[in-house]
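File shown: upload-v1.txt (compact mmCIF, C-alpha atoms).
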# COMPACT_ATOMS: atom_id res chain seq x y z
CA MET A 1 11.75 48.31 32.55
CA GLY A 2 14.89 47.48 34.44
CA ASP A 3 18.02 45.94 32.94
CA ALA A 4 17.09 42.35 33.86
CA SER A 5 13.55 42.72 32.53
CA GLN A 6 14.85 44.17 29.28
CA ALA A 7 17.41 41.38 28.98
CA LEU A 8 14.64 38.84 29.49
CA ARG A 9 12.49 40.46 26.81
CA THR A 10 15.45 40.50 24.39
CA ARG A 11 16.05 36.81 25.06
CA LEU A 12 12.36 35.99 24.51
CA LEU A 13 12.37 37.80 21.17
CA ALA A 14 15.66 36.28 20.00
CA ARG A 15 15.45 32.71 21.28
CA SER A 16 11.72 32.10 20.96
CA GLY A 17 11.02 33.98 17.76
CA LEU A 18 8.09 35.74 19.42
CA ALA A 19 6.75 38.90 17.83
CA ALA A 20 7.59 42.19 19.56
CA ASP A 21 3.92 43.16 19.72
CA ILE A 22 3.19 39.92 21.61
CA VAL A 23 5.93 40.40 24.23
CA THR A 24 5.18 44.03 25.02
CA PRO A 25 7.05 45.66 27.93
CA ALA A 26 3.75 46.25 29.74
CA ARG A 27 2.64 42.61 29.50
CA LEU A 28 6.04 41.32 30.56
CA GLU A 29 6.19 43.73 33.49
CA ALA A 30 2.73 42.67 34.66
CA LEU A 31 3.74 39.00 34.46
CA LEU A 32 6.98 39.59 36.37
CA CYS A 33 5.16 41.49 39.09
CA GLY A 34 2.79 38.55 39.49
CA LEU A 35 5.70 36.09 39.63
CA ALA A 36 7.45 38.28 42.19
CA ARG A 37 4.39 38.11 44.46
CA GLU A 38 4.15 34.36 43.97
CA HIS A 39 7.81 33.77 44.81
CA ALA A 40 7.81 36.42 47.55
CA CYS A 41 10.88 38.00 46.01
CA GLY A 42 11.99 41.60 45.72
CA GLY A 43 10.07 42.65 42.63
CA ALA A 44 9.94 42.41 38.86
CA GLU A 45 13.71 42.70 38.42
CA GLU A 46 14.40 39.83 40.78
CA ALA A 47 11.76 37.73 39.04
CA ALA A 48 13.43 38.54 35.70
CA LEU A 49 16.83 37.47 37.04
CA ARG A 50 15.28 34.23 38.25
CA ALA A 51 13.86 33.54 34.77
CA LEU A 52 17.20 34.33 33.13
CA GLY A 53 19.02 31.87 35.38
CA ASP A 54 16.47 29.04 35.53
CA ASP A 55 15.44 27.23 32.34
CA ALA A 56 12.20 25.98 33.89
CA GLU A 57 11.21 29.48 34.99
CA PHE A 58 12.14 30.89 31.57
CA ALA A 59 9.94 28.26 29.93
CA ARG A 60 7.11 29.33 32.23
CA VAL A 61 7.50 32.97 31.23
CA GLU A 62 7.71 32.02 27.56
CA ALA A 63 4.59 29.87 27.82
CA HIS A 64 2.65 32.85 29.17
CA PHE A 65 2.91 34.43 25.73
CA THR A 66 2.00 31.18 23.89
CA PRO A 67 -1.09 29.94 25.75
CA PRO A 68 -2.13 26.29 25.37
CA GLU A 69 -5.07 26.58 22.98
CA THR A 70 -5.69 22.90 22.44
CA TRP A 71 -8.18 20.29 23.49
CA LEU A 72 -9.62 17.07 22.11
CA PHE A 73 -11.23 17.62 18.71
CA ARG A 74 -10.86 21.37 18.68
CA TYR A 75 -12.11 22.58 15.28
CA PRO A 76 -14.52 19.64 14.74
CA ARG A 77 -14.89 20.37 11.02
CA SER A 78 -11.14 19.88 10.59
CA PHE A 79 -11.44 16.31 11.77
CA GLU A 80 -14.45 15.65 9.57
CA ARG A 81 -12.34 16.93 6.66
CA LEU A 82 -9.47 14.67 7.71
CA ARG A 83 -11.73 11.64 7.60
CA ALA A 84 -12.76 12.51 4.06
CA PHE A 85 -9.14 13.26 3.12
CA ALA A 86 -8.02 9.85 4.37
CA ALA A 87 -10.88 8.11 2.60
CA GLU A 88 -9.81 9.77 -0.67
CA ARG A 89 -6.40 8.15 -0.29
CA ALA A 90 -7.80 4.62 0.00
CA ALA A 91 -5.17 2.29 1.49
CA THR A 92 -2.24 4.64 0.98
CA PRO A 93 -0.12 5.04 4.15
CA MET A 94 -0.51 8.40 5.89
CA ARG A 95 2.48 10.23 7.34
CA VAL A 96 1.55 13.05 9.70
CA LEU A 97 3.67 15.79 11.30
CA VAL A 98 2.25 17.79 14.23
CA LEU A 99 4.48 20.79 14.92
CA GLY A 100 4.08 22.49 18.29
CA ALA A 101 1.60 19.90 19.51
CA GLY A 102 1.35 21.34 23.02
CA GLY A 103 0.49 17.90 24.39
CA TRP A 104 -1.43 14.78 23.47
CA CYS A 105 -4.78 16.30 22.49
CA GLU A 106 -4.12 17.17 18.86
CA PRO A 107 -2.01 14.17 17.75
CA LEU A 108 -4.45 11.71 19.29
CA SER A 109 -7.45 13.57 17.88
CA ILE A 110 -5.81 13.24 14.46
CA SER A 111 -5.04 9.57 15.07
CA ALA A 112 -8.69 8.92 15.98
CA ALA A 113 -9.88 10.77 12.86
CA LEU A 114 -7.62 8.70 10.62
CA ALA A 115 -8.26 5.36 12.33
CA ARG A 116 -9.93 2.72 10.17
CA GLN A 117 -10.04 5.12 7.21
CA GLY A 118 -9.09 3.19 4.09
CA GLY A 119 -7.06 0.61 6.00
CA GLY A 120 -3.69 2.26 5.30
CA ALA A 121 -1.06 2.59 8.00
CA VAL A 122 -0.88 5.91 9.89
CA ARG A 123 2.36 7.26 11.35
CA ILE A 124 2.20 10.46 13.37
CA LEU A 125 5.23 12.43 14.59
CA ALA A 126 4.25 14.95 17.27
CA THR A 127 6.90 17.52 18.23
CA ASP A 128 7.23 20.09 20.96
CA ARG A 129 10.16 21.94 22.46
CA ASN A 130 8.85 21.30 25.99
CA PRO A 131 9.34 17.69 27.15
CA VAL A 132 6.86 18.18 30.00
CA VAL A 133 3.87 18.07 27.62
CA PHE A 134 4.54 14.41 26.75
CA ALA A 135 5.88 13.31 30.13
CA ARG A 136 2.59 11.92 31.46
CA PRO A 137 0.61 9.13 29.82
CA PRO A 138 -2.24 10.52 27.73
CA ARG A 139 -5.38 11.01 29.81
CA PHE A 140 -7.97 13.69 29.14
CA GLU A 141 -10.12 15.52 31.65
CA GLY A 142 -11.20 19.03 32.55
CA LEU A 143 -10.28 21.59 29.91
CA ASP A 144 -9.05 18.84 27.61
CA LEU A 145 -12.72 17.90 27.21
CA ARG A 146 -14.21 21.35 26.77
CA GLY A 147 -15.50 20.28 23.36
CA SER A 148 -17.58 17.23 22.58
CA VAL A 149 -16.15 13.94 21.33
CA PRO A 150 -17.67 13.01 17.96
CA ALA A 151 -19.75 9.85 17.93
CA TRP A 152 -17.37 8.23 15.44
CA ALA A 153 -14.45 8.82 17.84
CA GLU A 154 -16.06 7.40 20.97
CA PRO A 155 -14.83 3.82 20.28
CA CYS A 156 -11.26 5.17 20.38
CA PHE A 157 -11.43 6.04 24.09
CA GLU A 158 -12.21 4.41 27.39
CA ILE A 159 -14.18 6.28 30.06
CA GLN A 160 -12.51 6.18 33.44
CA PRO A 161 -13.77 7.50 36.78
CA CYS A 162 -12.01 10.54 38.16
CA PHE A 163 -12.22 11.08 41.90
CA GLU A 164 -10.68 14.53 42.08
CA ILE A 165 -12.33 17.53 40.43
CA HIS A 166 -13.92 16.05 37.35
CA ALA A 167 -16.54 13.34 37.13
CA ALA A 168 -14.83 11.32 34.40
CA ALA A 169 -11.74 11.14 32.22
CA LEU A 170 -10.96 9.62 28.84
CA SER A 171 -7.99 7.42 28.04
CA PRO A 172 -7.12 6.57 24.43
CA LYS A 173 -7.11 2.96 23.34
CA ALA A 174 -3.97 1.29 22.09
CA HIS A 175 -4.94 1.34 18.42
CA ILE A 176 -4.69 5.16 18.30
CA THR A 177 -1.73 5.65 20.66
CA SER A 178 0.41 3.11 18.81
CA SER A 179 0.58 5.31 15.71
CA VAL A 180 1.98 8.35 17.57
CA ARG A 181 5.67 9.00 18.16
CA THR A 182 6.88 12.08 20.02
CA GLU A 183 10.06 14.09 19.65
CA CYS A 184 11.20 17.04 21.75
CA GLY A 185 13.56 19.72 20.58
CA GLU A 186 13.93 22.99 18.74
CA ALA A 187 11.95 23.33 15.55
CA SER A 188 15.02 24.31 13.52
CA GLU A 189 16.87 21.13 14.52
CA ILE A 190 13.90 18.81 13.99
CA ALA A 191 13.01 20.39 10.64
CA ALA A 192 16.62 20.24 9.42
CA ALA A 193 16.84 16.57 10.30
CA LEU A 194 13.57 15.77 8.55
CA LEU A 195 14.64 17.63 5.42
CA ALA A 196 18.06 15.97 5.42
CA ARG A 197 16.38 12.56 5.46
CA GLY A 198 14.13 13.57 2.58
CA GLU A 199 10.98 13.12 4.66
CA ARG A 200 7.59 14.06 3.22
CA PHE A 201 4.24 14.17 5.01
CA GLU A 202 0.72 13.84 3.67
CA LEU A 203 -0.55 15.94 6.57
CA VAL A 204 1.14 18.73 8.55
CA ALA A 205 -0.61 20.37 11.52
CA PHE A 206 0.89 23.67 12.66
CA ARG A 207 -1.83 25.34 14.68
CA ASN A 208 -1.91 28.41 16.89
CA VAL A 209 1.86 28.81 17.05
CA ALA A 210 2.72 30.96 14.03
CA ILE A 211 0.43 33.72 15.24
CA TYR A 212 2.85 34.43 18.10
CA LEU A 213 6.01 34.54 15.97
CA SER A 214 7.93 37.38 14.43
CA ALA A 215 7.53 37.80 10.67
CA ALA A 216 10.99 36.33 10.04
CA ALA A 217 10.46 33.25 12.21
CA ARG A 218 7.00 32.75 10.75
CA ALA A 219 8.29 32.92 7.15
CA ALA A 220 11.08 30.50 8.01
CA ILE A 221 8.89 27.78 9.47
CA TYR A 222 6.28 28.08 6.71
CA GLY A 223 9.13 27.81 4.20
CA VAL A 224 10.18 24.51 5.73
CA ILE A 225 6.59 23.26 5.79
CA THR A 226 6.26 23.85 2.04
CA GLN A 227 9.16 21.44 1.54
CA LEU A 228 7.97 18.85 4.04
CA LEU A 229 4.39 18.64 2.74
CA ALA A 230 3.71 16.17 -0.06
CA PRO A 231 2.37 17.74 -3.30
CA ASP A 232 -1.07 16.22 -2.65
CA GLY A 233 -0.95 16.85 1.10
CA MET A 234 -2.85 19.07 3.50
CA LEU A 235 -1.76 21.74 6.00
CA LEU A 236 -3.89 22.46 9.07
CA VAL A 237 -3.55 25.85 10.80
CA GLY A 238 -5.35 27.81 13.51
CA HIS A 239 -8.45 29.89 12.90
CA ALA A 240 -6.49 33.15 13.09
CA GLU A 241 -3.67 31.91 10.85
CA LEU A 242 -5.37 31.03 7.58
CA ALA A 243 -4.56 34.26 5.71
CA MET A 244 -0.95 34.44 6.92
CA ALA A 245 -0.35 30.77 6.07
CA GLN A 246 -1.75 31.23 2.57
CA ALA A 247 0.42 34.30 1.99
CA ALA A 248 3.56 32.57 3.26
CA THR A 249 3.14 29.23 1.49
CA GLY A 250 1.22 30.08 -1.67
CA PHE A 251 -1.14 27.18 -0.90
CA ALA A 252 -4.83 27.30 -1.73
CA ILE A 253 -7.42 27.40 1.05
CA ASP A 254 -9.38 24.15 1.18
CA ASP A 255 -13.06 24.43 0.31
CA ALA A 256 -14.26 22.80 3.54
CA GLU A 257 -15.52 25.70 5.69
CA GLY A 258 -14.28 25.67 9.27
CA ALA A 259 -11.51 23.15 8.56
CA PHE A 260 -8.76 25.83 8.46
CA ALA A 261 -6.89 23.73 5.91
CA LEU A 262 -4.71 24.51 2.90
CA ARG A 263 -3.54 22.42 -0.05
CA PRO A 264 -0.63 22.88 -2.48
CA ARG A 265 -1.87 24.22 -5.78
CA PRO A 266 -2.16 21.57 -8.51
CA GLY A 267 0.77 21.57 -10.89
CA ALA A 268 2.85 23.87 -8.70
CA GLY A 269 5.59 21.27 -8.34
CA SER A 270 7.79 21.08 -5.29
CA ALA A 271 7.14 24.09 -3.13
CA ARG A 272 10.00 26.22 -1.96
CA PRO A 273 10.27 28.95 0.68
CA PRO A 274 9.21 32.44 -0.40
CA ALA A 275 11.97 34.58 -1.89
CA GLY A 276 14.30 35.90 0.76
CA SER A 277 13.22 33.35 3.37
CA PRO A 278 15.78 31.04 4.97
CA SER A 279 15.49 27.36 4.07
CA ALA A 280 15.08 26.37 7.72
CA PRO A 281 13.94 28.23 10.82
CA SER A 282 16.51 30.68 12.07
CA ALA A 283 14.81 31.08 15.41
CA ALA A 284 13.48 28.65 17.95
CA ILE A 285 9.73 28.16 17.69
CA PRO A 286 7.84 28.53 20.97
CA PHE A 287 6.26 25.15 21.45
CA GLY A 288 5.37 25.88 25.08
CA SER A 289 2.25 24.50 26.63
CA THR A 290 1.90 25.52 30.26
CA ALA A 291 0.65 29.10 30.21
CA GLU A 292 -1.09 30.69 33.15
CA ASP A 293 -3.62 33.46 33.13
CA ALA A 294 -2.37 37.03 33.39
CA PRO A 295 -1.69 38.02 37.01
CA ARG A 296 -4.62 39.49 38.81
CA VAL A 297 -4.27 42.94 40.32
CA ALA A 298 -5.68 42.93 43.80
CA GLY A 299 -6.94 45.84 45.86
CA VAL A 300 -8.20 47.99 42.98
CA GLU A 301 -11.13 50.12 44.01
CA ALA A 302 -14.18 49.64 41.82
CA ASP A 303 -14.85 52.30 39.23
CA ARG A 304 -18.58 52.88 39.77
CA SER A 305 -18.84 54.87 36.56
CA TRP A 306 -18.24 51.71 34.50
CA THR A 307 -21.36 49.96 33.27
CA PRO A 308 -21.79 47.44 30.47
CA ALA A 309 -24.45 49.61 28.91
CA ALA A 310 -21.98 52.45 28.54
CA HIS A 311 -19.66 50.24 26.50
CA SER A 312 -21.92 47.91 24.59
CA SER A 313 -24.92 49.35 22.85
CA PRO A 314 -26.83 46.69 20.87
CA PRO A 315 -26.97 46.71 17.07
CA SER A 316 -30.53 48.07 17.23
CA ALA A 317 -29.12 51.34 18.57
CA ARG A 318 -28.07 52.23 15.03
CA GLY A 319 -30.36 54.90 13.65
CA ALA A 320 -32.97 53.80 11.15
CA GLY A 321 -31.49 56.08 8.52
CA ALA A 322 -27.86 55.12 9.13
CA PRO A 323 -26.11 53.58 6.12
CA ARG A 324 -25.41 49.86 6.30
CA PRO A 325 -21.77 48.71 6.11
CA SER A 326 -20.57 48.34 2.53
CA ALA A 327 -18.89 45.41 0.80
CA ASP A 328 -16.01 47.71 -0.15
CA ALA A 329 -15.40 48.53 3.50
CA ARG A 330 -15.31 44.83 4.37
CA ALA A 331 -12.88 44.12 1.54
CA ALA A 332 -10.60 46.86 2.87
CA LEU A 333 -10.73 45.35 6.35
CA LEU A 334 -9.87 41.89 5.00
CA ALA A 335 -6.89 43.41 3.16
CA ALA A 336 -5.78 45.11 6.38
CA ILE A 337 -5.97 41.80 8.26
CA ALA A 338 -3.92 40.05 5.58
CA ALA A 339 -1.26 42.76 5.92
CA ARG A 340 -1.37 42.99 9.74
CA PRO A 341 -2.72 39.67 11.07
CA LEU A 342 -1.40 40.17 14.60
CA GLU A 343 -3.11 43.51 15.23
CA VAL A 344 -6.19 43.20 17.41
CA PRO A 345 -7.86 46.46 16.23
CA VAL A 346 -8.28 45.25 12.64
CA HIS A 347 -10.00 42.06 13.81
CA LEU A 348 -12.21 44.16 16.09
CA ALA A 349 -13.09 46.46 13.21
CA LEU A 350 -14.14 43.53 11.04
CA ALA A 351 -16.17 42.00 13.89
CA ALA A 352 -17.97 45.31 14.45
CA HIS A 353 -18.56 45.72 10.71
CA ASP A 354 -20.09 42.25 10.40
CA LEU A 355 -22.19 42.72 13.52
CA GLU A 356 -23.70 45.92 12.13
CA ALA A 357 -24.34 44.10 8.84
CA GLY A 358 -26.13 41.30 10.68
CA ALA A 359 -23.50 38.69 9.77
CA ILE A 360 -23.35 37.20 13.26
CA ALA A 361 -21.39 34.05 12.36
CA SER A 362 -18.63 36.07 10.67
CA ALA A 363 -18.58 38.55 13.54
CA SER A 364 -18.18 35.67 16.00
CA GLU A 365 -15.19 34.32 14.06
CA SER A 366 -13.49 37.72 14.00
CA ILE A 367 -14.02 38.40 17.69
CA ALA A 368 -12.64 34.94 18.49
CA ARG A 369 -9.45 35.86 16.61
CA ALA A 370 -9.19 39.15 18.50
CA LEU A 371 -9.59 37.44 21.87
CA TYR A 372 -7.08 34.78 20.86
CA LEU A 373 -4.53 37.53 20.29
CA ASP A 374 -5.41 39.42 23.47
CA ARG A 375 -7.56 37.62 26.02
CA GLY A 376 -7.48 40.69 28.24
CA SER A 377 -8.82 43.24 25.75
CA GLU A 378 -11.74 45.03 27.40
CA GLU A 379 -12.96 46.33 24.04
CA ALA A 380 -12.92 42.83 22.53
CA LEU A 381 -14.75 41.34 25.51
CA LEU A 382 -17.48 43.96 25.33
CA LEU A 383 -17.88 43.49 21.59
CA ALA A 384 -18.04 39.73 22.18
CA ALA A 385 -20.88 40.39 24.62
CA ARG A 386 -22.77 42.38 21.98
CA ILE A 387 -22.30 39.59 19.45
CA ALA A 388 -23.51 37.01 21.97
CA ASP A 389 -26.55 39.19 22.66
CA ALA A 390 -27.28 39.40 18.96
CA SER A 391 -27.13 35.61 18.67
CA GLY A 392 -29.47 35.16 21.64
CA SER A 393 -26.80 33.76 23.99
CA ARG A 394 -27.62 35.85 27.07
CA ASP A 395 -25.60 33.77 29.52
CA GLU A 396 -22.53 33.95 27.30
CA ALA A 397 -22.97 37.70 26.92
CA ALA A 398 -23.16 38.12 30.69
CA ALA A 399 -19.99 36.07 31.12
CA TYR A 400 -18.11 38.28 28.63
CA ARG A 401 -19.26 41.41 30.47
CA ARG A 402 -18.09 40.02 33.81
CA ARG A 403 -14.68 39.35 32.27
CA ALA A 404 -14.60 42.87 30.82
CA LEU A 405 -15.41 44.33 34.23
CA ARG A 406 -12.57 42.38 35.86
CA VAL A 407 -10.17 43.70 33.21
CA HIS A 408 -11.44 47.23 33.73
CA LEU A 409 -11.04 47.07 37.51
CA ALA A 410 -7.52 45.67 37.17
CA ARG A 411 -6.35 48.71 35.20
CA PRO A 412 -4.71 51.64 37.00
CA GLN A 413 -7.34 54.30 37.38
CA GLU A 414 -6.88 57.57 35.51
CA ASP A 415 -7.55 59.66 38.60
CA GLY A 416 -4.56 58.11 40.36
CA ARG A 417 -6.44 55.86 42.78
CA ALA A 418 -4.62 52.70 43.86
Could you quickly redo this structure as structure tokens?
Amino acid sequence: MGDASQALRTRLLARSGLAADIVTPARLEALLCGLAREHACGGAEEAALRALGDDAEFARVEAHFTPPETWLFRYPRSFERLRAFAAERAATPMRVLVLGAGGWCEPLSISAALARQGGGAVRILATDRNPVVFARPPRFEGLDLRGSVPAWAEPCFEIQPCFEIHAAALSPKAHITSSVRTECGEASEIAAALLARGERFELVAFRNVAIYLSAAARAAIYGVITQLLAPDGMLLVGHAELAMAQAATGFAIDDAEGAFALRPRPGAGSARPPAGSPSAPSAAIPFGSTAEDAPRVAGVEADRSWTPAAHSSPPSARGAGAPRPSADARAALLAAIAARPLEVPVHLALAAHDLEAGAIASASESIARALYLDRGSEEALLLAARIADASGSRDEAAAYRRRALRVHLARPQEDGRA
């Protein structure tokens, strides 16, 4: 890496709190090369200089490493759990904090889930460091609608025709938008202000952000969350963040499977940050929301020796006399994931273990975590194809193998071909 590229990486690690194994030199170099082609500039170094001198371009680079993994009613079981949680509270007002919202999808999904539950008032504060994500009025189409809208939520939205790419779009009704307030700024500043005012929240959503942070930044923000969450409150996290959130906060994992929720332990009193953690974030939290796919590498000659069959033998290929995976081995893998939650290989190992054991649902969850961490992992894509095959989803398996082939062809060939 050149001086400008290295300076950009240093700034990303320091200002954004991103983990070093997320912003690898190779990934940054590939991104800068793609940006250089797009801007028709002199190369990666010039693209790095542009990002260092232009806040909008820096935000774009930063967002590449924090992809927007949000859509309406992502994690459907979370919202079913929220409805039950609100019903338990009867008419008690609900105060909600959505950190790193990434746009309107999550706060308005939460608002819809809490609407008409118990009759209590709902106040939602949605924060993001990028003002662009809240600049447009909320309207959902395309990838925002990749999941289904629950039947109970349909009355919260109006269907509108869309004459561009998509056949229809959804707009939220006033009774769910009126409860949402947005605030843009650095997490450390927002959190400090909330703590200074003595704010408490019955619900905090901090999803799919912590997984990209350094250990120090992650401990800091979880430490603040433990102080902001009411003793009887609930914390929602991403599917790959449950273990790290539990370790950092000391909260108990909620019993509702698939909700990815945690609760303060009864009788624990006011939670405080873990020993040695700062009382407020010391690094900016990357609340970006406009990531683009990794740059494509054009002109790579196909490697005809690559075939899906060579990389993805089905579970039935295991010999009849081969030993089945043991519970002890799985426990060791879970311990490894708790210790190293950002490492793709440990999630892959658990997915492969569960696939061989015939636990397809668990294998699917683990491979989803691996692909969340590295969408361009050829090994993860091929294992995902095997898991899809085992579940009978042939079309999905074929799609994973096509993605794996594109990744394979984009890699520099070992024999030196261009």
Minimum-distance residue to Glu186 in chain A, chosen among A:Arg200, A:Arg401, A:Arg129, A:Arg394 (using all atoms listed in the file):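 Of A:Arg200, A:Arg401, A:Arg129, A:Arg394, the one nearest Glu186 in chain A is A:Arg129, counting all atoms listed in the file.
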Take CA of Ala359 in chain A and CA of Leu143 in chain A and report the distance between them in Å, one decimal.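 Value for the CA of Ala359 in chain A-CA of Leu143 in chain A distance: 29.5 Å.
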Build an axis-aligned box that encloses every atom of range 336-351 of chain A listed in the file, pad it by 5 Å on each side, and report its centre and edge lengths in Å to one decimal, as AutoDock Vina command-line options.
--center_x -8.7 --center_y 43.1 --center_z 11.5 --size_x 24.9 --size_y 16.8 --size_z 21.8
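Nearest to Gly53 in chain A of all the residues A:Pro231, A:Ala7, A:Gly185, A:Arg197 is A:Ala7, counting all atoms listed in the file.
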Between A:Ser362, A:Asn130, A:Ser214, A:Gln6, smallest distance to Leu342 in chain A by only C-alpha atoms belongs to A:Ser214
For His175 in chain A, list every protein, DNA or RNA residue within 10 Å, evaluated using only C-alpha atoms, and leave out those in the same chain fewer than 2 positions away; present the list as an NGL selection string. :A and (111-112 or 115-116 or 156-157 or 172-173 or 177-180)
Within 12 Å of Thr24 in chain A using all atoms listed in the file, minus same-chain residues under 6 positions, as a list in words: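 The contact residues come out as Met1, Ser5, Gln6, Leu8, Arg9, Thr10, Leu12, Leu13, Leu18, Ala30, Leu31, Phe65 and Asp374 of chain A.
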Store the residues of this selection in a file with C-alpha atoms, as an mmCIF file, in the frame of the given file.
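Contents of the output file again.cif:
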data_model
loop_
_atom_site.group_PDB
_atom_site.id
_atom_site.type_symbol
_atom_site.label_atom_id
_atom_site.label_comp_id
_atom_site.auth_asym_id
_atom_site.auth_seq_id
_atom_site.Cartn_x
_atom_site.Cartn_y
_atom_site.Cartn_z
ATOM 1 C CA MET A 1 11.750 48.310 32.550
ATOM 2 C CA SER A 5 13.550 42.720 32.530
ATOM 3 C CA GLN A 6 14.850 44.170 29.280
ATOM 4 C CA LEU A 8 14.640 38.840 29.490
ATOM 5 C CA ARG A 9 12.490 40.460 26.810
ATOM 6 C CA THR A 10 15.450 40.500 24.390
ATOM 7 C CA LEU A 12 12.360 35.990 24.510
ATOM 8 C CA LEU A 13 12.370 37.800 21.170
ATOM 9 C CA LEU A 18 8.090 35.740 19.420
ATOM 10 C CA ALA A 30 2.730 42.670 34.660
ATOM 11 C CA LEU A 31 3.740 39.000 34.460
ATOM 12 C CA PHE A 65 2.910 34.430 25.730
ATOM 13 C CA ASP A 374 -5.410 39.420 23.470
#
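For the pair CA of Pro131 in chain A and CA of Asp144 in chain A, the separation is 18.4 Å.
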One-decimal distance in Å that lies between CA of Asn208 in chain A and CA of Leu114 in chain A: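 CA of Leu114 in chain A sits 21.5 Å away from CA of Asn208 in chain A.
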Using the atoms already present, construct N, CA and C atoms for range 391-402 of chain A and hand them back as a PDB file, in the frame of the given file.
ATOM      1  N   SER A 391     -26.856  37.003  19.022  1.00  0.00           N
ATOM      2  CA  SER A 391     -27.130  35.610  18.670  1.00  0.00           C
ATOM      3  C   SER A 391     -28.087  34.945  19.637  1.00  0.00           C
ATOM      4  N   GLY A 392     -28.532  35.701  20.669  1.00  0.00           N
ATOM      5  CA  GLY A 392     -29.470  35.160  21.640  1.00  0.00           C
ATOM      6  C   GLY A 392     -28.838  34.419  22.790  1.00  0.00           C
ATOM      7  N   SER A 393     -27.497  34.483  22.914  1.00  0.00           N
ATOM      8  CA  SER A 393     -26.800  33.760  23.990  1.00  0.00           C
ATOM      9  C   SER A 393     -26.614  34.703  25.185  1.00  0.00           C
ATOM     10  N   ARG A 394     -27.652  34.868  25.968  1.00  0.00           N
ATOM     11  CA  ARG A 394     -27.620  35.850  27.070  1.00  0.00           C
ATOM     12  C   ARG A 394     -26.618  35.471  28.151  1.00  0.00           C
ATOM     13  N   ASP A 395     -26.543  34.189  28.481  1.00  0.00           N
ATOM     14  CA  ASP A 395     -25.600  33.770  29.520  1.00  0.00           C
ATOM     15  C   ASP A 395     -24.164  34.014  29.085  1.00  0.00           C
ATOM     16  N   GLU A 396     -23.883  33.719  27.827  1.00  0.00           N
ATOM     17  CA  GLU A 396     -22.530  33.950  27.300  1.00  0.00           C
ATOM     18  C   GLU A 396     -22.211  35.437  27.291  1.00  0.00           C
ATOM     19  N   ALA A 397     -23.186  36.259  26.923  1.00  0.00           N
ATOM     20  CA  ALA A 397     -22.970  37.700  26.920  1.00  0.00           C
ATOM     21  C   ALA A 397     -22.658  38.197  28.319  1.00  0.00           C
ATOM     22  N   ALA A 398     -23.402  37.706  29.302  1.00  0.00           N
ATOM     23  CA  ALA A 398     -23.160  38.120  30.690  1.00  0.00           C
ATOM     24  C   ALA A 398     -21.765  37.712  31.144  1.00  0.00           C
ATOM     25  N   ALA A 399     -21.325  36.530  30.735  1.00  0.00           N
ATOM     26  CA  ALA A 399     -19.990  36.070  31.120  1.00  0.00           C
ATOM     27  C   ALA A 399     -18.907  36.972  30.519  1.00  0.00           C
ATOM     28  N   TYR A 400     -19.084  37.371  29.256  1.00  0.00           N
ATOM     29  CA  TYR A 400     -18.110  38.280  28.630  1.00  0.00           C
ATOM     30  C   TYR A 400     -18.078  39.616  29.366  1.00  0.00           C
ATOM     31  N   ARG A 401     -19.229  40.115  29.786  1.00  0.00           N
ATOM     32  CA  ARG A 401     -19.260  41.410  30.470  1.00  0.00           C
ATOM     33  C   ARG A 401     -18.612  41.316  31.859  1.00  0.00           C
ATOM     34  N   ARG A 402     -18.775  40.188  32.519  1.00  0.00           N
ATOM     35  CA  ARG A 402     -18.090  40.020  33.810  1.00  0.00           C
ATOM     36  C   ARG A 402     -16.580  40.020  33.605  1.00  0.00           C
TER      37      ARG A 402
END
